[in-house]
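J.: Just so it is clear, I am handing over query04.cif, which has mmCIF, C-alpha atoms and all ligand atoms.
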```
data_coords
loop_
_atom_site.label_atom_id
_atom_site.label_comp_id
_atom_site.auth_asym_id
_atom_site.auth_seq_id
_atom_site.Cartn_x
_atom_site.Cartn_y
_atom_site.Cartn_z
CA MET R 1 -5.66 14.32 15.18
CA ALA R 2 -4.42 11.85 12.69
CA VAL R 3 -7.09 9.29 13.40
CA THR R 4 -10.33 10.35 11.78
CA SER R 5 -13.65 8.65 11.61
CA THR R 6 -13.66 8.70 7.82
CA SER R 7 -10.34 6.94 7.54
CA LEU R 8 -11.53 4.30 9.98
CA SER R 9 -14.94 3.37 8.62
CA VAL R 10 -15.71 -0.32 8.85
CA PRO R 11 -16.48 -2.15 5.62
CA LYS R 12 -19.39 -4.57 5.90
CA SER R 13 -17.36 -7.57 4.88
CA ILE R 14 -14.96 -6.99 7.74
CA SER R 15 -17.54 -6.27 10.40
CA SER R 16 -19.42 -9.45 9.58
CA PRO R 17 -19.19 -11.90 12.50
CA SER R 18 -18.46 -14.76 10.14
CA VAL R 19 -15.24 -13.06 9.05
CA GLY R 20 -14.34 -11.86 12.51
CA PRO R 21 -11.50 -9.53 13.32
CA THR R 22 -7.99 -10.82 13.57
CA PHE R 23 -5.43 -9.13 15.72
CA SER R 24 -2.35 -10.06 13.89
CA GLY R 25 -0.53 -7.18 15.51
CA LEU R 26 0.06 -4.59 12.85
CA ARG R 27 2.08 -2.82 15.39
CA ARG R 28 4.01 0.32 15.76
CA SER R 29 6.66 1.16 18.28
CA PRO R 30 5.37 3.04 21.28
CA PRO R 31 6.69 6.59 21.19
CA SER R 32 9.57 7.69 23.32
CA PHE R 33 8.94 10.93 25.11
CA PRO R 34 10.69 13.37 27.36
CA SER R 35 9.50 14.19 30.85
CA SER R 36 7.76 17.45 29.97
CA THR R 37 4.06 16.97 29.42
CA HIS R 38 3.92 19.56 26.64
CA SER R 39 6.57 17.96 24.48
CA PHE R 40 5.20 14.57 25.36
CA PHE R 41 1.87 15.43 23.75
CA GLU R 42 3.59 16.78 20.67
CA ASN R 43 5.65 13.64 20.47
CA VAL R 44 2.64 11.35 20.90
CA HIS R 45 0.72 13.23 18.25
CA SER R 46 3.58 13.06 15.83
CA ASN R 47 3.90 9.33 16.46
CA LEU R 48 0.19 8.91 15.85
CA ARG R 49 0.54 10.76 12.57
CA LEU R 50 3.38 8.49 11.52
CA SER R 51 1.37 5.52 12.59
CA SER R 52 -1.58 6.68 10.53
CA ALA R 53 0.60 7.11 7.46
CA ARG R 54 1.85 3.55 7.87
CA LYS R 55 -1.71 2.28 8.23
CA ALA R 56 -2.65 3.90 4.96
CA CYS R 57 0.04 1.87 3.22
CA ARG R 58 -0.98 -1.38 4.83
CA GLY R 59 -4.70 -1.00 4.25
CA VAL R 60 -5.84 -2.15 7.66
CA ILE R 61 -5.21 -1.36 11.26
CA ALA R 62 -5.33 -3.75 14.16
CA MET R 63 -4.12 -3.00 17.66
CA ALA R 64 -0.93 -1.50 19.01
CA GLY R 65 -0.76 -4.21 21.62
CA THR R 66 -0.90 -7.93 20.96
CA GLY R 67 -3.46 -8.80 23.65
CA LYS R 68 -7.01 -9.93 22.96
CA PHE R 69 -9.81 -7.35 23.23
CA PHE R 70 -11.21 -7.37 26.78
CA VAL R 71 -14.54 -6.02 27.99
CA GLY R 72 -15.54 -6.02 31.64
CA GLY R 73 -18.89 -5.07 33.15
CA ASN R 74 -18.63 -3.59 36.62
CA TRP R 75 -22.07 -3.87 38.17
CA LYS R 76 -20.92 -2.04 41.30
CA CYS R 77 -23.40 -2.01 44.19
CA ASN R 78 -26.45 -2.51 41.97
CA GLY R 79 -29.11 -5.14 41.49
CA THR R 80 -31.46 -7.53 43.19
CA LYS R 81 -31.91 -11.28 42.73
CA ASP R 82 -34.61 -10.53 40.17
CA SER R 83 -32.84 -7.83 38.18
CA ILE R 84 -29.66 -9.91 38.09
CA SER R 85 -31.55 -12.94 36.88
CA LYS R 86 -32.93 -10.82 34.00
CA LEU R 87 -29.48 -9.40 33.20
CA VAL R 88 -27.92 -12.87 33.15
CA SER R 89 -30.66 -14.14 30.88
CA ASP R 90 -30.08 -11.20 28.48
CA LEU R 91 -26.34 -11.88 28.49
CA ASN R 92 -26.88 -15.59 27.90
CA SER R 93 -28.90 -14.89 24.78
CA ALA R 94 -26.69 -12.08 23.42
CA LYS R 95 -24.63 -12.69 20.33
CA LEU R 96 -21.02 -11.94 21.27
CA GLU R 97 -18.05 -11.68 18.94
CA PRO R 98 -15.67 -14.57 19.55
CA ASP R 99 -12.38 -12.67 19.78
CA VAL R 100 -13.15 -10.90 23.04
CA ASP R 101 -12.55 -11.78 26.66
CA VAL R 102 -15.82 -10.93 28.40
CA VAL R 103 -16.04 -10.59 32.17
CA VAL R 104 -18.76 -9.34 34.52
CA ALA R 105 -18.31 -8.23 38.12
CA PRO R 106 -21.48 -8.68 40.18
CA PRO R 107 -21.76 -7.60 43.81
CA PHE R 108 -20.26 -10.28 46.10
CA VAL R 109 -23.63 -11.45 47.38
CA TYR R 110 -24.82 -12.35 43.88
CA ILE R 111 -21.64 -13.99 42.59
CA ASP R 112 -22.88 -17.50 43.33
CA GLN R 113 -26.21 -16.83 41.62
CA VAL R 114 -24.43 -15.44 38.56
CA LYS R 115 -21.86 -18.24 38.43
CA SER R 116 -24.55 -20.87 38.47
CA SER R 117 -26.72 -19.26 35.78
CA LEU R 118 -24.35 -17.43 33.40
CA ILE R 119 -22.90 -19.12 30.31
CA ASP R 120 -19.24 -20.16 30.61
CA ARG R 121 -18.35 -17.86 27.70
CA ILE R 122 -18.50 -14.98 30.19
CA GLU R 123 -16.16 -15.06 33.17
CA VAL R 124 -16.91 -13.63 36.58
CA SER R 125 -14.87 -11.04 38.43
CA ALA R 126 -15.08 -9.73 41.96
CA GLN R 127 -15.08 -5.99 42.60
CA ASN R 128 -12.55 -6.21 45.44
CA SER R 129 -10.64 -8.74 47.51
CA TRP R 130 -8.85 -8.88 50.84
CA VAL R 131 -5.13 -8.12 50.87
CA GLY R 132 -4.03 -11.50 52.25
CA LYS R 133 -5.27 -14.84 53.41
CA GLY R 134 -8.73 -14.83 54.95
CA GLY R 135 -9.34 -14.98 58.70
CA ALA R 136 -10.46 -12.50 61.34
CA PHE R 137 -11.21 -9.60 58.98
CA THR R 138 -14.82 -8.63 59.56
CA GLY R 139 -16.68 -7.75 56.41
CA GLU R 140 -13.92 -8.75 54.03
CA ILE R 141 -13.95 -11.37 51.26
CA SER R 142 -10.84 -13.42 50.65
CA VAL R 143 -9.27 -14.43 47.37
CA GLU R 144 -9.59 -18.05 48.49
CA GLN R 145 -13.35 -17.63 48.87
CA LEU R 146 -13.61 -16.02 45.44
CA LYS R 147 -11.73 -18.92 43.90
CA ASP R 148 -14.03 -21.32 45.71
CA LEU R 149 -16.95 -19.72 43.83
CA GLY R 150 -15.19 -20.00 40.47
CA VAL R 151 -14.27 -16.32 40.19
CA LYS R 152 -11.40 -15.69 37.75
CA TRP R 153 -10.76 -11.95 38.07
CA VAL R 154 -10.80 -9.14 40.59
CA ILE R 155 -11.06 -5.37 40.00
CA LEU R 156 -8.52 -3.53 42.17
CA GLY R 157 -7.71 0.13 42.52
CA HIS R 158 -11.08 1.32 41.27
CA SER R 159 -11.46 5.05 41.87
CA GLU R 160 -14.48 4.50 44.10
CA ARG R 161 -12.26 2.43 46.38
CA ARG R 162 -9.36 4.86 46.14
CA HIS R 163 -11.32 8.07 46.64
CA VAL R 164 -14.49 7.05 48.50
CA ILE R 165 -13.19 4.21 50.67
CA GLY R 166 -9.65 5.63 50.94
CA GLU R 167 -7.46 2.78 49.69
CA ASN R 168 -3.95 3.93 48.85
CA ASP R 169 -1.45 2.87 46.20
CA GLU R 170 0.56 0.62 48.49
CA PHE R 171 -2.47 -1.25 49.83
CA ILE R 172 -3.84 -1.73 46.32
CA GLY R 173 -0.46 -2.99 45.11
CA LYS R 174 -0.38 -5.55 47.92
CA LYS R 175 -3.90 -6.69 47.10
CA ALA R 176 -2.91 -7.14 43.47
CA ALA R 177 0.17 -9.15 44.41
CA TYR R 178 -1.83 -11.43 46.68
CA ALA R 179 -4.63 -12.02 44.17
CA LEU R 180 -2.10 -12.81 41.44
CA SER R 181 -0.16 -15.15 43.70
CA GLU R 182 -3.39 -17.12 44.18
CA GLY R 183 -4.08 -17.28 40.45
CA LEU R 184 -6.73 -14.58 39.99
CA GLY R 185 -6.44 -12.14 37.11
CA VAL R 186 -6.36 -8.50 38.17
CA ILE R 187 -8.13 -5.61 36.48
CA ALA R 188 -5.85 -2.87 37.77
CA CYS R 189 -7.51 0.54 37.65
CA ILE R 190 -5.69 3.83 37.32
CA GLY R 191 -6.90 7.33 36.56
CA GLU R 192 -6.69 10.99 37.47
CA LEU R 193 -9.14 13.30 39.20
CA LEU R 194 -10.50 16.31 37.29
CA GLN R 195 -8.35 18.75 39.28
CA GLU R 196 -5.27 16.64 38.57
CA ARG R 197 -6.01 16.72 34.82
CA GLU R 198 -6.62 20.45 34.96
CA ALA R 199 -3.34 20.95 36.79
CA GLY R 200 -1.50 19.06 34.02
CA LYS R 201 -0.74 16.15 36.33
CA THR R 202 -2.47 13.32 34.47
CA PHE R 203 0.72 11.51 33.55
CA ASP R 204 2.31 12.01 36.96
CA VAL R 205 -0.74 10.47 38.60
CA VAL R 206 -1.18 7.47 36.33
CA PHE R 207 2.55 6.73 36.25
CA GLN R 208 2.65 6.83 40.05
CA GLN R 209 -0.30 4.41 40.19
CA MET R 210 1.43 2.17 37.62
CA LYS R 211 4.63 2.24 39.69
CA ALA R 212 2.73 1.14 42.79
CA PHE R 213 1.48 -1.91 40.91
CA ALA R 214 4.91 -2.55 39.36
CA ASP R 215 6.61 -2.36 42.76
CA SER R 216 4.34 -5.08 44.15
CA VAL R 217 3.49 -7.54 41.43
CA PRO R 218 5.84 -10.36 40.47
CA SER R 219 4.56 -10.56 36.90
CA TRP R 220 2.21 -8.75 34.52
CA ASP R 221 0.93 -11.96 32.93
CA ASN R 222 -2.56 -11.80 34.45
CA ILE R 223 -3.05 -8.06 34.67
CA VAL R 224 -5.34 -5.92 32.56
CA ILE R 225 -4.89 -2.19 33.11
CA ALA R 226 -8.05 -0.11 33.15
CA TYR R 227 -7.49 3.59 32.53
CA GLU R 228 -10.50 5.29 34.07
CA PRO R 229 -10.31 9.07 34.38
CA VAL R 230 -12.25 9.77 37.56
CA TRP R 231 -14.06 12.73 36.00
CA ALA R 232 -15.53 10.39 33.40
CA ILE R 233 -16.81 7.68 35.74
CA GLY R 234 -20.57 7.69 36.12
CA THR R 235 -20.76 11.28 34.93
CA GLY R 236 -21.79 10.80 31.31
CA LYS R 237 -18.64 12.80 30.38
CA VAL R 238 -16.69 10.28 28.37
CA ALA R 239 -13.08 11.04 27.48
CA THR R 240 -12.71 11.77 23.79
CA PRO R 241 -11.08 8.97 21.82
CA GLN R 242 -7.99 11.19 21.51
CA GLN R 243 -7.85 11.93 25.26
CA ALA R 244 -8.07 8.23 26.04
CA GLN R 245 -5.59 7.23 23.33
CA GLU R 246 -2.94 9.67 24.50
CA VAL R 247 -2.99 8.29 28.02
CA HIS R 248 -3.10 4.68 26.81
CA VAL R 249 -0.10 5.18 24.57
CA ALA R 250 1.74 6.83 27.45
CA VAL R 251 0.92 3.94 29.79
CA ARG R 252 2.10 1.44 27.21
CA ASP R 253 5.30 3.40 26.83
CA TRP R 254 5.71 3.52 30.60
CA LEU R 255 5.49 -0.28 30.64
CA LYS R 256 8.05 -0.52 27.88
CA LYS R 257 10.52 1.68 29.72
CA ASN R 258 9.91 0.38 33.22
CA VAL R 259 8.99 -3.26 32.72
CA SER R 260 9.74 -4.60 29.23
CA ALA R 261 8.80 -4.23 25.59
CA GLU R 262 7.12 -7.62 25.72
CA VAL R 263 4.89 -6.67 28.66
CA ALA R 264 4.10 -3.32 26.99
CA SER R 265 2.93 -5.17 23.92
CA LYS R 266 0.90 -7.93 25.47
CA THR R 267 -0.74 -6.11 28.40
CA ARG R 268 -4.28 -5.03 27.64
CA ILE R 269 -4.99 -1.37 28.43
CA ILE R 270 -8.73 -0.88 28.54
CA TYR R 271 -10.69 2.35 28.94
CA GLY R 272 -13.45 3.03 31.45
CA GLY R 273 -15.62 6.06 32.17
CA SER R 274 -19.11 6.54 30.71
CA VAL R 275 -18.59 4.02 27.91
CA ASN R 276 -21.91 3.17 26.27
CA GLY R 277 -23.37 1.60 23.16
CA SER R 278 -23.10 4.87 21.24
CA ASN R 279 -19.54 5.93 21.99
CA CYS R 280 -17.76 2.55 22.15
CA ALA R 281 -17.06 2.16 18.42
CA GLU R 282 -15.12 5.41 18.10
CA LEU R 283 -13.15 4.65 21.24
CA ALA R 284 -12.42 1.09 20.10
CA LYS R 285 -10.85 2.38 16.90
CA GLN R 286 -7.97 3.86 18.84
CA GLU R 287 -4.93 1.65 18.49
CA ASP R 288 -4.01 1.54 22.15
CA ILE R 289 -7.53 0.94 23.47
CA ASP R 290 -7.71 -2.81 24.00
CA GLY R 291 -11.22 -2.93 25.40
CA PHE R 292 -13.41 -1.38 28.07
CA LEU R 293 -14.42 -1.45 31.70
CA VAL R 294 -18.09 -0.52 31.72
CA GLY R 295 -20.19 0.56 34.69
CA GLY R 296 -23.72 1.86 34.11
CA ALA R 297 -24.12 0.51 30.59
CA SER R 298 -23.13 -3.00 31.71
CA LEU R 299 -26.40 -3.25 33.63
CA LYS R 300 -28.25 -3.53 30.32
CA GLY R 301 -27.48 -6.82 28.58
CA PRO R 302 -28.12 -5.75 24.97
CA GLU R 303 -26.11 -2.54 25.35
CA PHE R 304 -23.24 -4.40 27.00
CA ALA R 305 -23.25 -6.80 24.03
CA VAL R 306 -22.93 -3.82 21.65
CA ILE R 307 -19.88 -2.69 23.61
CA VAL R 308 -18.34 -6.18 23.54
CA ASN R 309 -18.94 -6.30 19.79
CA SER R 310 -17.27 -2.94 19.18
CA VAL R 311 -14.20 -5.09 18.66
CA THR R 312 -15.25 -5.13 15.01
CA SER R 313 -14.20 -1.46 14.84
CA LYS R 314 -10.60 -2.53 15.44
CA LYS R 315 -10.27 -3.81 11.94
CA VAL R 316 -10.94 -1.09 9.47
CA ALA R 317 -10.10 0.15 6.04
CA ALA R 318 -7.43 2.81 5.85
P1 LIG R 401 -19.32 4.09 34.21
O1 LIG R 401 -18.34 3.36 35.25
O2 LIG R 401 -19.24 3.30 32.92
O3 LIG R 401 -20.66 4.05 34.84
O4 LIG R 401 -18.79 5.46 34.04
C1 LIG R 401 -17.13 2.81 34.82
C2 LIG R 401 -16.40 2.19 35.97
O5 LIG R 401 -16.47 2.73 37.09
O6 LIG R 401 -15.73 1.16 35.82
#
```
Let me see whether you can do it: turn the structure in this file into structure tokens.

T.:
Amino acid sequence: MAVTSTSLSVPKSISSPSVGPTFSGLRRSPPSFPSSTHSFFENVHSNLRLSSARKACRGVIAMAGTGKFFVGGNWKCNGTKDSISKLVSDLNSAKLEPDVDVVVAPPFVYIDQVKSSLIDRIEVSAQNSWVGKGGAFTGEISVEQLKDLGVKWVILGHSERRHVIGENDEFIGKKAAYALSEGLGVIACIGELLQEREAGKTFDVVFQQMKAFADSVPSWDNIVIAYEPVWAIGTGKVATPQQAQEVHVAVRDWLKKNVSAEVASKTRIIYGGSVNGSNCAELAKQEDIDGFLVGGASLKGPEFAVIVNSVTSKKVAA
């Protein structure tokens, strides 16, 4: 691949928090590609090579998109009052780079506790929301209730809800539309199963999931897309930076073709699936990776802070 770790090493002066990364948008055009997966990969790779050659001339690389780096912590169905109080206290004392949107998603029952103890620098997300206005829906949590608690985001379409609970594309699209209509931001998850990847269907699957969102949502202004290959979630098998990048670039190109160039540029496409403090820097160097959605490693405050701060890897010497 064109993007190597040597060509992307971070000089100390740039990684220093006092300098801080800037995302001025040294951008390249997303590649155009034909429908065949094989030629698509060749095309993406050749675009990456061109992109790398351009970076060498310019001396630095920023992000392909123009959105701010975004890191979310998905705590899933974990924690107790005590463990969450410790996690919040670790997050409150962590040193976080300024140019990052940081969001955590506690279990519903602890949202109020987290909201009242967590610093404002970190926003709170829900892990799910009901598809419409609240009412006689036993066991559900409405968007209105989330807003009442000060929640700003909701994760929708997570693979555990798609494949364990059985939510389908259409239902997820409707949930996204409702949450957006009420002013919540949506972390919209997409991603393929292992057998789908092995059958060469990765792009078909993620494009279909993207289409389901596109068919329902009125605007992409408050949406962050999380590409989370299902085989990488909670398994310790992280996608390689190249595997993630090639899907991210394809998703950005899908947005360009099916929504608009502006939306393709400004929509954050974050990666999730076994991201941790050791692998985040290499992933963050990829031009189309605009941040992370982190599960297991977000339960440890200091490690989550390392992942947030991997934003410094975005600005590197060529
Ligand atoms: P993981 O989970 O980091 O534990 O793999 C990611 C996610 O499900 O969002």

J.: Report the distance between atom CA of R:Val186 and atom CA of R:Val224 in Å, rounded to one decimal place.

T.: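 According to the coordinates, atom CA of R:Val186 and atom CA of R:Val224 are separated by 6.3 Å.
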
J.: Within 6 Å of stretch 208-218 of chain R, counting only C-alpha atoms, which residues show up once you throw out same-chain ones fewer than 3 positions away? Write them as a compact mmCIF listing (two decimals) with C-alpha atoms, in the frame of the given file, please.

T.:
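Once everything was written out, this is part_2.txt:
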```txt
# COMPACT_ATOMS: atom_id res chain seq x y z
CA ASP R 169 -1.45 2.87 46.20
CA GLY R 173 -0.46 -2.99 45.11
CA ALA R 177 0.17 -9.15 44.41
CA VAL R 205 -0.74 10.47 38.60
```

J.: Taking all atoms listed in the file into account, which of R:Arg162, R:Lys152, R:Arg121, R:Lys76 comes nearest R:Leu91?

T.: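 For R:Leu91, the nearest of the candidates is R:Arg121.
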
J.: If you count all atoms listed in the file, which residues fall within 7 Å of R:Glu192, apart from same-chain ones fewer than 5 positions away, as an MDAnalysis selection string?

T.: chainID R and resid 197 202 205:206 229:230

J.: Can you list, as a PyMOL selection string, every protein, DNA or RNA residue that comes within 7 Å of stretch 102-118 of chain R when you count only C-alpha atoms, leaving out same-chain residues fewer than 5 positions away?

T.: chain R and resi 70-77+88+92+123-127+149

J.: Just to confirm, what's the straight-line distance from atom CA of R:Gly135 to atom CA of R:Ile155 in Å (one decimal)?

T.: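 Separation of atom CA of R:Gly135 and atom CA of R:Ile155: 21.1 Å.
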
J.: Restricting the calculation to all atoms listed in the file: of R:Val294, R:Ala264, R:Leu283, R:Leu96, which residue gets closest to R:Gly234?

T.: R:Val294

J.: Counting all atoms listed in the file, which of R:Lys300, R:Glu228, R:Phe207, R:Ala188 gets nearest to R:Thr267?

T.: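 Closest to R:Thr267, using all atoms listed in the file: R:Ala188.
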
J.: List all protein, DNA and RNA residues that have an atom no more than 9 Å from any atom of ligand LIG 401 (chain R), counting only C-alpha atoms and all ligand atoms, and report them as a VMD selection string.

T.: chain R and resid 72 to 76 158 to 160 189 226 228 230 to 238 271 to 276 292 to 298
